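Visitor: Contents of my_file.cif (mmCIF, C-alpha atoms (C1' of nucleotides)):
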data_structure
loop_
_atom_site.group_PDB
_atom_site.id
_atom_site.type_symbol
_atom_site.label_atom_id
_atom_site.label_comp_id
_atom_site.auth_asym_id
_atom_site.auth_seq_id
_atom_site.Cartn_x
_atom_site.Cartn_y
_atom_site.Cartn_z
ATOM 1 C CA MET A 187 -55.943 -43.015 -50.879
ATOM 2 C CA PRO A 188 -58.710 -40.469 -50.935
ATOM 3 C CA GLU A 189 -62.173 -41.980 -50.552
ATOM 4 C CA LEU A 190 -65.467 -40.184 -50.026
ATOM 5 C CA PRO A 191 -64.588 -38.700 -46.596
ATOM 6 C CA GLU A 192 -61.253 -37.351 -47.784
ATOM 7 C CA VAL A 193 -62.800 -35.772 -50.868
ATOM 8 C CA GLU A 194 -65.557 -34.262 -48.723
ATOM 9 C CA VAL A 195 -62.987 -32.863 -46.256
ATOM 10 C CA LEU A 196 -61.093 -31.428 -49.208
ATOM 11 C CA ARG A 197 -64.282 -29.942 -50.637
ATOM 12 C CA ARG A 198 -65.178 -28.257 -47.361
ATOM 13 C CA SER A 199 -61.727 -26.765 -47.002
ATOM 14 C CA LEU A 200 -61.586 -25.475 -50.574
ATOM 15 C CA GLU A 201 -65.109 -24.175 -51.050
ATOM 16 C CA PRO A 202 -64.895 -21.005 -48.935
ATOM 17 C CA ARG A 203 -61.510 -20.161 -50.396
ATOM 18 C CA LEU A 204 -62.426 -20.789 -54.032
ATOM 19 C CA VAL A 205 -65.953 -19.551 -54.584
ATOM 20 C CA GLY A 206 -65.950 -16.129 -56.205
ATOM 21 C CA ARG A 207 -62.313 -16.304 -57.315
ATOM 22 C CA ARG A 208 -61.407 -15.815 -60.957
ATOM 23 C CA ILE A 209 -59.077 -18.177 -62.824
ATOM 24 C CA GLU A 210 -56.479 -16.003 -64.494
ATOM 25 C CA GLY A 211 -54.041 -18.526 -65.861
ATOM 26 C CA LEU A 212 -53.221 -22.194 -66.035
ATOM 27 C CA ASP A 213 -50.284 -24.514 -66.466
ATOM 28 C CA VAL A 214 -50.641 -28.024 -67.797
ATOM 29 C CA HIS A 215 -47.674 -30.349 -67.811
ATOM 30 C CA ALA A 216 -47.239 -32.935 -70.468
ATOM 31 C CA ARG A 217 -47.473 -36.252 -68.670
ATOM 32 C CA SER A 218 -50.826 -37.920 -68.790
ATOM 33 C CA LEU A 219 -52.965 -39.029 -65.866
ATOM 34 C CA ARG A 220 -55.465 -41.847 -66.395
ATOM 35 C CA GLU A 221 -56.440 -39.730 -69.377
ATOM 36 C CA PRO A 222 -54.451 -36.878 -70.909
ATOM 37 C CA ILE A 223 -55.214 -33.426 -69.462
ATOM 38 C CA SER A 224 -56.596 -31.344 -72.309
ATOM 39 C CA ARG A 225 -54.970 -27.911 -72.181
ATOM 40 C CA ARG A 226 -57.427 -26.689 -74.828
ATOM 41 C CA ALA A 227 -60.474 -27.844 -72.888
ATOM 42 C CA PHE A 228 -59.175 -26.272 -69.659
ATOM 43 C CA GLU A 229 -58.334 -22.987 -71.363
ATOM 44 C CA ARG A 230 -61.724 -22.769 -73.001
ATOM 45 C CA ALA A 231 -63.617 -23.719 -69.839
ATOM 46 C CA ALA A 232 -61.616 -21.920 -67.193
ATOM 47 C CA LEU A 233 -59.656 -18.883 -68.353
ATOM 48 C CA GLY A 234 -61.188 -15.653 -67.071
ATOM 49 C CA ARG A 235 -64.078 -17.469 -65.355
ATOM 50 C CA ARG A 236 -65.202 -17.196 -61.777
ATOM 51 C CA ILE A 237 -65.674 -20.249 -59.552
ATOM 52 C CA GLU A 238 -69.300 -20.596 -58.520
ATOM 53 C CA ARG A 239 -69.500 -23.863 -56.555
ATOM 54 C CA VAL A 240 -67.424 -26.758 -55.286
ATOM 55 C CA ARG A 241 -69.335 -30.042 -55.229
ATOM 56 C CA ARG A 242 -68.588 -33.733 -54.650
ATOM 57 C CA ARG A 243 -69.973 -36.815 -56.363
ATOM 58 C CA GLY A 244 -68.608 -40.088 -54.993
ATOM 59 C CA LYS A 245 -64.835 -39.600 -55.036
ATOM 60 C CA PHE A 246 -65.021 -36.871 -57.672
ATOM 61 C CA LEU A 247 -64.519 -33.211 -56.792
ATOM 62 C CA LEU A 248 -66.464 -30.896 -59.107
ATOM 63 C CA VAL A 249 -65.633 -27.222 -59.508
ATOM 64 C CA ASP A 250 -68.449 -25.366 -61.266
ATOM 65 C CA LEU A 251 -67.475 -22.231 -63.163
ATOM 66 C CA GLU A 252 -69.493 -19.415 -64.642
ATOM 67 C CA GLY A 253 -70.265 -20.154 -68.258
ATOM 68 C CA GLU A 254 -71.720 -23.625 -67.568
ATOM 69 C CA SER A 255 -68.393 -25.427 -67.298
ATOM 70 C CA THR A 256 -67.219 -27.844 -64.620
ATOM 71 C CA LEU A 257 -63.709 -28.908 -63.747
ATOM 72 C CA VAL A 258 -63.701 -32.568 -62.704
ATOM 73 C CA PHE A 259 -60.996 -33.973 -60.444
ATOM 74 C CA HIS A 260 -60.418 -37.516 -59.245
ATOM 75 C CA LEU A 261 -57.441 -38.013 -56.948
ATOM 76 C CA GLY A 262 -56.920 -41.705 -57.676
ATOM 77 C CA MET A 263 -54.432 -43.198 -55.230
ATOM 78 C CA SER A 264 -51.996 -40.407 -54.621
ATOM 79 C CA GLY A 265 -53.585 -37.196 -55.897
ATOM 80 C CA ARG A 266 -53.450 -33.993 -53.865
ATOM 81 C CA LEU A 267 -55.174 -30.728 -54.589
ATOM 82 C CA THR A 268 -53.890 -27.763 -52.612
ATOM 83 C CA LEU A 269 -54.288 -24.020 -52.626
ATOM 84 C CA ALA A 270 -51.036 -22.190 -51.983
ATOM 85 C CA GLU A 271 -49.046 -19.075 -52.741
ATOM 86 C CA ALA A 272 -48.480 -18.594 -56.458
ATOM 87 C CA SER A 273 -44.810 -17.877 -55.829
ATOM 88 C CA ARG A 274 -44.137 -21.349 -54.434
ATOM 89 C CA PRO A 275 -42.119 -23.318 -57.000
ATOM 90 C CA ARG A 276 -43.711 -26.153 -58.905
ATOM 91 C CA GLU A 277 -43.401 -29.432 -57.033
ATOM 92 C CA PRO A 278 -42.514 -32.821 -58.510
ATOM 93 C CA HIS A 279 -45.519 -34.535 -60.124
ATOM 94 C CA GLU A 280 -47.491 -31.329 -60.306
ATOM 95 C CA HIS A 281 -49.591 -31.839 -63.413
ATOM 96 C CA LEU A 282 -51.927 -28.872 -63.380
ATOM 97 C CA SER A 283 -52.089 -25.531 -61.658
ATOM 98 C CA LEU A 284 -54.698 -22.792 -61.893
ATOM 99 C CA SER A 285 -53.674 -19.274 -60.920
ATOM 100 C CA LEU A 286 -56.406 -17.326 -59.194
ATOM 101 C CA ASP A 287 -56.921 -13.645 -58.606
ATOM 102 C CA GLY A 288 -55.456 -12.706 -55.247
ATOM 103 C CA GLY A 289 -52.137 -14.455 -55.885
ATOM 104 C CA GLU A 290 -52.784 -18.099 -55.110
ATOM 105 C CA ARG A 291 -52.653 -21.249 -57.191
ATOM 106 C CA LEU A 292 -54.741 -24.402 -57.046
ATOM 107 C CA ARG A 293 -52.278 -27.196 -57.704
ATOM 108 C CA LEU A 294 -52.839 -30.833 -58.601
ATOM 109 C CA ARG A 295 -50.073 -33.279 -57.734
ATOM 110 C CA ASP A 296 -50.367 -37.003 -58.388
ATOM 111 C CA PRO A 297 -47.205 -39.138 -58.328
ATOM 112 C CA ARG A 298 -48.892 -42.405 -59.288
ATOM 113 C CA ARG A 299 -51.077 -40.736 -61.891
ATOM 114 C CA PHE A 300 -54.216 -42.777 -61.228
ATOM 115 C CA GLY A 301 -56.164 -39.530 -61.002
ATOM 116 C CA LEU A 302 -58.165 -37.531 -63.487
ATOM 117 C CA ALA A 303 -58.546 -33.860 -64.434
ATOM 118 C CA LEU A 304 -61.232 -32.969 -66.967
ATOM 119 C CA ALA A 305 -63.083 -29.875 -68.157
ATOM 120 C CA ARG A 306 -66.678 -30.592 -69.119
ATOM 121 C CA PRO A 307 -69.950 -28.756 -69.760
ATOM 122 C CA THR A 308 -71.922 -28.631 -66.513
ATOM 123 C CA ARG A 309 -75.119 -29.518 -68.267
ATOM 124 C CA GLY A 310 -75.420 -33.256 -68.823
ATOM 125 C CA LEU A 311 -72.373 -34.072 -66.685
ATOM 126 C CA GLU A 312 -74.256 -36.938 -65.052
ATOM 127 C CA ARG A 313 -74.457 -38.616 -68.451
ATOM 128 C CA ASP A 314 -70.687 -38.411 -69.006
ATOM 129 C CA ALA A 315 -69.030 -41.835 -69.136
ATOM 130 C CA HIS A 316 -67.351 -41.282 -65.759
ATOM 131 C CA PHE A 317 -70.656 -40.610 -64.000
ATOM 132 C CA ALA A 318 -73.295 -42.532 -65.924
ATOM 133 C CA ARG A 319 -72.721 -45.804 -64.052
ATOM 134 C CA LEU A 320 -71.921 -44.242 -60.691
ATOM 135 C CA GLY A 321 -74.139 -45.512 -57.876
ATOM 136 C CA ARG A 322 -76.049 -43.570 -55.247
ATOM 137 C CA GLU A 323 -74.489 -41.324 -52.651
ATOM 138 C CA PRO A 324 -74.315 -43.179 -49.301
ATOM 139 C CA LEU A 325 -74.899 -40.112 -47.093
ATOM 140 C CA ASP A 326 -77.479 -37.907 -48.746
ATOM 141 C CA PRO A 327 -79.866 -39.294 -47.847
ATOM 142 C CA PRO A 328 -78.300 -41.969 -45.583
ATOM 143 C CA VAL A 329 -78.452 -45.349 -47.285
ATOM 144 C CA ASP A 330 -80.542 -48.035 -45.545
ATOM 145 C CA GLY A 331 -80.516 -51.827 -45.483
ATOM 146 C CA VAL A 332 -83.515 -52.225 -47.777
ATOM 147 C CA THR A 333 -81.791 -50.132 -50.440
ATOM 148 C CA LEU A 334 -78.510 -52.025 -50.163
ATOM 149 C CA ARG A 335 -80.276 -55.352 -50.350
ATOM 150 C CA ALA A 336 -82.147 -54.258 -53.496
ATOM 151 C CA LEU A 337 -78.912 -53.046 -55.114
ATOM 152 C CA ALA A 338 -77.309 -56.437 -54.470
ATOM 153 C CA ALA A 339 -80.237 -58.441 -55.867
ATOM 154 C CA GLY A 340 -79.157 -60.928 -58.505
ATOM 155 C CA ARG A 341 -75.490 -60.687 -57.604
ATOM 156 C CA ARG A 342 -73.311 -63.368 -56.026
ATOM 157 C CA VAL A 343 -70.168 -61.465 -55.045
ATOM 158 C CA PRO A 344 -68.477 -61.346 -51.647
ATOM 159 C CA VAL A 345 -70.076 -58.535 -49.640
ATOM 160 C CA LYS A 346 -66.805 -56.605 -49.495
ATOM 161 C CA ASN A 347 -66.638 -56.462 -53.305
ATOM 162 C CA PHE A 348 -70.215 -55.235 -53.361
ATOM 163 C CA VAL A 349 -69.617 -52.454 -50.832
ATOM 164 C CA MET A 350 -66.621 -51.246 -52.820
ATOM 165 C CA ASP A 351 -68.409 -51.412 -56.159
ATOM 166 C CA GLY A 352 -69.017 -47.814 -57.179
ATOM 167 C CA ARG A 353 -71.889 -48.846 -59.455
ATOM 168 C CA ALA A 354 -73.961 -49.624 -56.361
ATOM 169 C CA VAL A 355 -72.817 -47.053 -53.805
ATOM 170 C CA ALA A 356 -70.379 -44.305 -54.796
ATOM 171 C CA GLY A 357 -67.278 -43.315 -52.883
ATOM 172 C CA VAL A 358 -66.693 -46.223 -50.479
ATOM 173 C CA GLY A 359 -63.186 -47.556 -51.033
ATOM 174 C CA ASN A 360 -61.076 -50.231 -49.445
ATOM 175 C CA ILE A 361 -60.484 -48.661 -46.045
ATOM 176 C CA TYR A 362 -64.080 -47.721 -45.258
ATOM 177 C CA ALA A 363 -65.582 -50.905 -46.731
ATOM 178 C CA THR A 364 -63.241 -52.895 -44.495
ATOM 179 C CA GLU A 365 -64.050 -50.850 -41.391
ATOM 180 C CA ALA A 366 -67.816 -50.825 -42.014
ATOM 181 C CA LEU A 367 -67.865 -54.629 -42.280
ATOM 182 C CA PHE A 368 -66.006 -54.914 -38.974
ATOM 183 C CA ARG A 369 -68.508 -52.640 -37.250
ATOM 184 C CA ALA A 370 -71.418 -54.568 -38.720
ATOM 185 C CA GLY A 371 -69.890 -57.894 -37.611
ATOM 186 C CA ILE A 372 -69.952 -59.303 -41.141
ATOM 187 C CA ARG A 373 -67.086 -61.305 -42.589
ATOM 188 C CA PRO A 374 -65.938 -59.657 -45.866
ATOM 189 C CA THR A 375 -65.853 -62.977 -47.716
ATOM 190 C CA ARG A 376 -69.547 -63.685 -47.091
ATOM 191 C CA SER A 377 -71.642 -63.737 -50.270
ATOM 192 C CA VAL A 378 -74.287 -61.031 -50.583
ATOM 193 C CA THR A 379 -76.754 -63.862 -51.134
ATOM 194 C CA ALA A 380 -76.194 -65.028 -47.543
ATOM 195 C CA LEU A 381 -76.979 -61.787 -45.702
ATOM 196 C CA THR A 382 -80.092 -61.477 -43.557
ATOM 197 C CA ARG A 383 -82.247 -58.343 -43.444
ATOM 198 C CA ALA A 384 -80.758 -57.547 -40.059
ATOM 199 C CA SER A 385 -77.250 -57.824 -41.520
ATOM 200 C CA TRP A 386 -78.139 -55.450 -44.361
ATOM 201 C CA ASP A 387 -79.511 -52.959 -41.821
ATOM 202 C CA ALA A 388 -76.382 -53.234 -39.695
ATOM 203 C CA LEU A 389 -74.149 -52.840 -42.754
ATOM 204 C CA ALA A 390 -75.964 -49.730 -43.998
ATOM 205 C CA ALA A 391 -75.806 -48.153 -40.544
ATOM 206 C CA ALA A 392 -72.096 -48.985 -40.277
ATOM 207 C CA ILE A 393 -71.281 -47.473 -43.674
ATOM 208 C CA VAL A 394 -73.085 -44.243 -42.794
ATOM 209 C CA ALA A 395 -71.485 -44.054 -39.342
ATOM 210 C CA VAL A 396 -67.944 -44.748 -40.457
ATOM 211 C CA LEU A 397 -68.112 -42.221 -43.307
ATOM 212 C CA ARG A 398 -69.571 -39.517 -41.063
ATOM 213 C CA GLU A 399 -67.019 -40.108 -38.323
ATOM 214 C CA ALA A 400 -64.172 -40.045 -40.828
ATOM 215 C CA ILE A 401 -65.381 -36.730 -42.243
ATOM 216 C CA GLY A 402 -65.598 -35.377 -38.690
ATOM 217 C CA SER A 403 -61.992 -36.464 -38.068
ATOM 218 C CA GLY A 404 -60.678 -34.751 -41.177
ATOM 219 C CA GLY A 405 -60.295 -38.025 -43.105
ATOM 220 C CA THR A 406 -57.679 -40.769 -42.928
ATOM 221 C CA THR A 407 -54.054 -39.876 -43.584
ATOM 222 C CA LEU A 408 -52.016 -43.050 -44.105
ATOM 223 C CA ASN A 409 -49.340 -41.526 -46.276
ATOM 224 C CA ASP A 410 -50.022 -38.187 -47.781
ATOM 225 C CA PHE A 411 -53.669 -37.119 -47.732
ATOM 226 C CA THR A 412 -54.234 -33.512 -46.703
ATOM 227 C CA ASP A 413 -57.090 -31.082 -47.120
ATOM 228 C CA GLY A 414 -56.815 -28.067 -49.403
ATOM 229 C CA ALA A 415 -54.771 -26.165 -46.857
ATOM 230 C CA GLY A 416 -52.350 -29.015 -46.124
ATOM 231 C CA ALA A 417 -53.908 -30.303 -42.866
ATOM 232 C CA ARG A 418 -53.662 -34.038 -42.194
ATOM 233 C CA GLY A 419 -56.601 -36.230 -41.152
ATOM 234 C CA GLU A 420 -56.909 -38.095 -37.874
ATOM 235 C CA PHE A 421 -59.189 -41.029 -38.599
ATOM 236 C CA GLN A 422 -56.268 -43.464 -39.067
ATOM 237 C CA GLY A 423 -56.150 -43.703 -35.262
ATOM 238 C CA ALA A 424 -59.746 -44.958 -35.259
ATOM 239 C CA LEU A 425 -59.190 -47.803 -37.747
ATOM 240 C CA ALA A 426 -60.132 -51.023 -35.963
ATOM 241 C CA VAL A 427 -58.844 -53.610 -38.441
ATOM 242 C CA TYR A 428 -57.555 -51.945 -41.606
ATOM 243 C CA GLY A 429 -53.793 -52.450 -41.879
ATOM 244 C CA ARG A 430 -53.694 -54.408 -38.603
ATOM 245 C CA ALA A 431 -53.045 -57.978 -39.759
ATOM 246 C CA GLY A 432 -51.608 -60.064 -36.916
ATOM 247 C CA GLU A 433 -52.574 -57.509 -34.277
ATOM 248 C CA THR A 434 -55.027 -58.105 -31.454
ATOM 249 C CA CYS A 435 -58.662 -57.207 -32.027
ATOM 250 C CA GLY A 436 -59.639 -54.432 -29.633
ATOM 251 C CA ARG A 437 -63.131 -55.883 -29.191
ATOM 252 C CA CYS A 438 -62.616 -59.617 -28.638
ATOM 253 C CA GLY A 439 -58.859 -60.084 -28.249
ATOM 254 C CA GLY A 440 -58.639 -62.344 -31.310
ATOM 255 C CA ARG A 441 -56.085 -61.938 -34.072
ATOM 256 C CA VAL A 442 -56.846 -59.759 -37.106
ATOM 257 C CA ARG A 443 -56.463 -61.587 -40.427
ATOM 258 C CA ARG A 444 -55.691 -60.404 -43.921
ATOM 259 C CA VAL A 445 -57.124 -61.878 -47.118
ATOM 260 C CA VAL A 446 -57.255 -60.559 -50.681
ATOM 261 C CA LEU A 447 -60.663 -59.828 -52.196
ATOM 262 C CA GLY A 448 -61.056 -58.276 -55.598
ATOM 263 C CA GLY A 449 -57.311 -57.758 -55.655
ATOM 264 C CA ARG A 450 -57.422 -55.586 -52.500
ATOM 265 C CA GLY A 451 -56.009 -56.273 -49.067
ATOM 266 C CA THR A 452 -58.907 -56.976 -46.733
ATOM 267 C CA PHE A 453 -58.727 -57.164 -42.948
ATOM 268 C CA TYR A 454 -61.174 -58.757 -40.530
ATOM 269 C CA CYS A 455 -61.486 -60.289 -37.095
ATOM 270 C CA PRO A 456 -62.601 -63.943 -37.280
ATOM 271 C CA GLY A 457 -64.028 -63.682 -33.776
ATOM 272 C CA CYS A 458 -66.178 -60.609 -34.371
ATOM 273 C CA GLN A 459 -67.114 -61.099 -38.017
ATOM 274 C CA ARG A 460 -69.145 -64.130 -39.104
ATOM 275 C "C1'" DG B 116 -74.373 -61.395 -68.359
ATOM 276 C "C1'" DC B 117 -71.761 -61.794 -64.616
ATOM 277 C "C1'" DA B 118 -67.387 -62.498 -61.888
ATOM 278 C "C1'" DT B 119 -62.582 -62.312 -61.762
ATOM 279 C "C1'" DT B 120 -58.002 -60.837 -63.213
ATOM 280 C "C1'" DA B 121 -54.626 -57.692 -65.299
ATOM 281 C "C1'" DC B 122 -53.137 -53.307 -65.918
ATOM 282 C "C1'" DC B 123 -51.786 -48.473 -65.402
ATOM 283 C "C1'" DC B 124 -47.937 -45.898 -61.977
ATOM 284 C "C1'" DT B 125 -44.397 -44.503 -58.378
ATOM 285 C "C1'" DG B 126 -42.761 -44.287 -53.650
ATOM 286 C "C1'" DA B 127 -42.213 -46.704 -49.483
ATOM 287 C "C1'" DA B 128 -41.051 -50.724 -47.271
ATOM 288 C "C1'" DA B 129 -39.225 -55.176 -47.160
ATOM 289 C "C1'" DG B 130 -35.815 -58.425 -48.604
ATOM 290 C "C1'" DC B 131 -31.195 -59.741 -49.647
ATOM 291 C "C1'" DT C 94 -25.210 -49.829 -46.390
ATOM 292 C "C1'" DG C 95 -27.158 -50.072 -50.776
ATOM 293 C "C1'" DC C 96 -29.364 -52.279 -54.341
ATOM 294 C "C1'" DT C 97 -33.486 -55.047 -55.932
ATOM 295 C "C1'" DT C 98 -38.027 -56.671 -55.339
ATOM 296 C "C1'" DT C 99 -42.594 -56.349 -53.617
ATOM 297 C "C1'" DC C 100 -46.631 -54.032 -52.406
ATOM 298 C "C1'" DA C 101 -50.282 -50.504 -52.271
ATOM 299 C "C1'" DG C 102 -54.966 -49.703 -54.956
ATOM 300 C "C1'" DG C 103 -59.467 -46.914 -58.236
ATOM 301 C "C1'" DG C 104 -61.397 -47.812 -62.089
ATOM 302 C "C1'" DT C 105 -61.819 -50.166 -66.326
ATOM 303 C "C1'" DA C 106 -60.559 -53.381 -70.134
ATOM 304 C "C1'" DA C 107 -59.776 -57.952 -71.000
ATOM 305 C "C1'" DT C 108 -60.495 -62.611 -69.851
ATOM 306 C "C1'" DG C 109 -62.898 -66.596 -67.902
#
When written as structure tokens, how does the structure in this file appear?
Guide:
Amino acid sequence: MPELPEVEVLRRSLEPRLVGRRIEGLDVHARSLREPISRRAFERAALGRRIERVRRRGKFLLVDLEGESTLVFHLGMSGRLTLAEASRPREPHEHLSLSLDGGERLRLRDPRRFGLALARPTRGLERDAHFARLGREPLDPPVDGVTLRALAAGRRVPVKNFVMDGRAVAGVGNIYATEALFRAGIRPTRSVTALTRASWDALAAAIVAVLREAIGSGGTTLNDFTDGAGARGEFQGALAVYGRAGETCGRCGGRVRRVVLGGRGTFYCPGCQR
DNA sequence: GCATTACCCTGAAAGC
DNA sequence: TGCTTTCAGGGTAATG
């Protein structure tokens, strides 16, 4: 499940290998992702163009091309974007591949098809429906408690739902919201209306720390995340509570619990998180 | 207007 | 062992 750190790790691995390359051909396969992949839009935007930049916005990977076009990718739950030899046969669930000069292909696989692949004009992209309501980036600059508290003003949701809500802060998904709340010592079920200033400060610091550490570890690979070259992440070994229901808390020796918030499995330590 | 739930999808894991 | 059922969740539409 690629969240901000995984997409950033992917971006860093792809950027040096993509920038300057020309897109010479493309294959689109018929099955739709969250939205259909428009062969026409991709052909018009990408064919014969050079790649100028590889950016990230929240969990979106943005590939800017010459000619003021941007290819937009969202990996959903199970998406993988890899750069590999053009001669390698198409894999199952490969929905799009771009052949580049130099004999490689950028391939998008996504078995569960929760992902997205779009071709859009670069200009005005931030006003596109997928980006218009997207919240602020948590890392640049690092988000602070005052900002978080202001973003939550007027809302009454459990703090976990707020942290995961992309309209407030972009890119923090279930794993990192869960881990940040553990580090901050805040129970995920607590209402945002009940947090003190000190709690907001601790939460902001925890979000920034956990995202940075995860990027430094190459992301979290639970099932199948890899960077653009196929390397797995290592942050799964650092997860304190996520996926550990019934296990012993490494900090206090209590038992980790699982609840469901916003339809997502949520893990916390009742001893450490109040 | 806000909060919550349902839905899309497939592979892995659990259950029988 | 092998089949069936359950579970996972990002984002958004529908419902409360």
Visitor: Output the contact residues of chain C with respect to chain A at a cut-off of 9 Å, based on all atoms listed in the file, as a PDB file with C-alpha atoms (C1' of nucleotides), keeping the file's coordinate frame.
Guide:
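The result, stored in part33.pdb:
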ATOM      1  C1'  DA C 101     -50.282 -50.504 -52.271  1.00  0.00           C
ATOM      2  C1'  DG C 102     -54.966 -49.703 -54.956  1.00  0.00           C
ATOM      3  C1'  DG C 103     -59.467 -46.914 -58.236  1.00  0.00           C
ATOM      4  C1'  DG C 104     -61.397 -47.812 -62.089  1.00  0.00           C
TER       5       DG C 104
END
Visitor: Chain B residues within 9 Å of chain A, counting only C-alpha atoms (C1' of nucleotides): which ones, as a compact mmCIF listing (two decimals) with C-alpha atoms (C1' of nucleotides), in the frame of the given file?
Guide:
# COMPACT_ATOMS: atom_id res chain seq x y z
C1' DC B 117 -71.76 -61.79 -64.62
C1' DA B 118 -67.39 -62.50 -61.89
C1' DT B 119 -62.58 -62.31 -61.76
C1' DT B 120 -58.00 -60.84 -63.21
C1' DC B 123 -51.79 -48.47 -65.40
C1' DC B 124 -47.94 -45.90 -61.98
C1' DT B 125 -44.40 -44.50 -58.38
C1' DG B 126 -42.76 -44.29 -53.65
Visitor: As an exercise, work out the distance from atom CA of Leu425 of chain A to atom C1' of DT105 of chain C in Å and give it to one decimal place.
Guide: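 According to the coordinates, atom CA of Leu425 of chain A and atom C1' of DT105 of chain C are separated by 28.8 Å.
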Visitor: By how many Å are atom CA of Ala354 of chain A and atom CA of Leu320 of chain A apart?
Guide: 7.2 Å
Visitor: Figure out the distance between atom CA of Gly244 of chain A and atom CA of Phe228 of chain A, please, to one decimal in Å.
Guide: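 For atom CA of Phe228 of chain A relative to atom CA of Gly244 of chain A, the distance reads 22.2 Å.
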Visitor: So which residues get picked by the PyMOL selection byres ((chain A and resi 407) around 7) here, written as JSON, numbers by chain?
Guide: {"A": [405, 406, 408, 409, 410, 411, 418, 419, 420, 422]}
Visitor: Suppose a student applies the PyMOL selection byres ((chain B and resi 131) around 12) to this structure; what residues should they get, written as a ChimeraX atom specification?
Guide: /B:129-130 /C:95-98
Visitor: Deliver the residues from the most recent selection as a file, using C-alpha atoms (C1' of nucleotides), as a compact mmCIF listing (two decimals), in the coordinates of the input.
Guide:
# COMPACT_ATOMS: atom_id res chain seq x y z
C1' DA B 129 -39.22 -55.18 -47.16
C1' DG B 130 -35.82 -58.42 -48.60
C1' DG C 95 -27.16 -50.07 -50.78
C1' DC C 96 -29.36 -52.28 -54.34
C1' DT C 97 -33.49 -55.05 -55.93
C1' DT C 98 -38.03 -56.67 -55.34
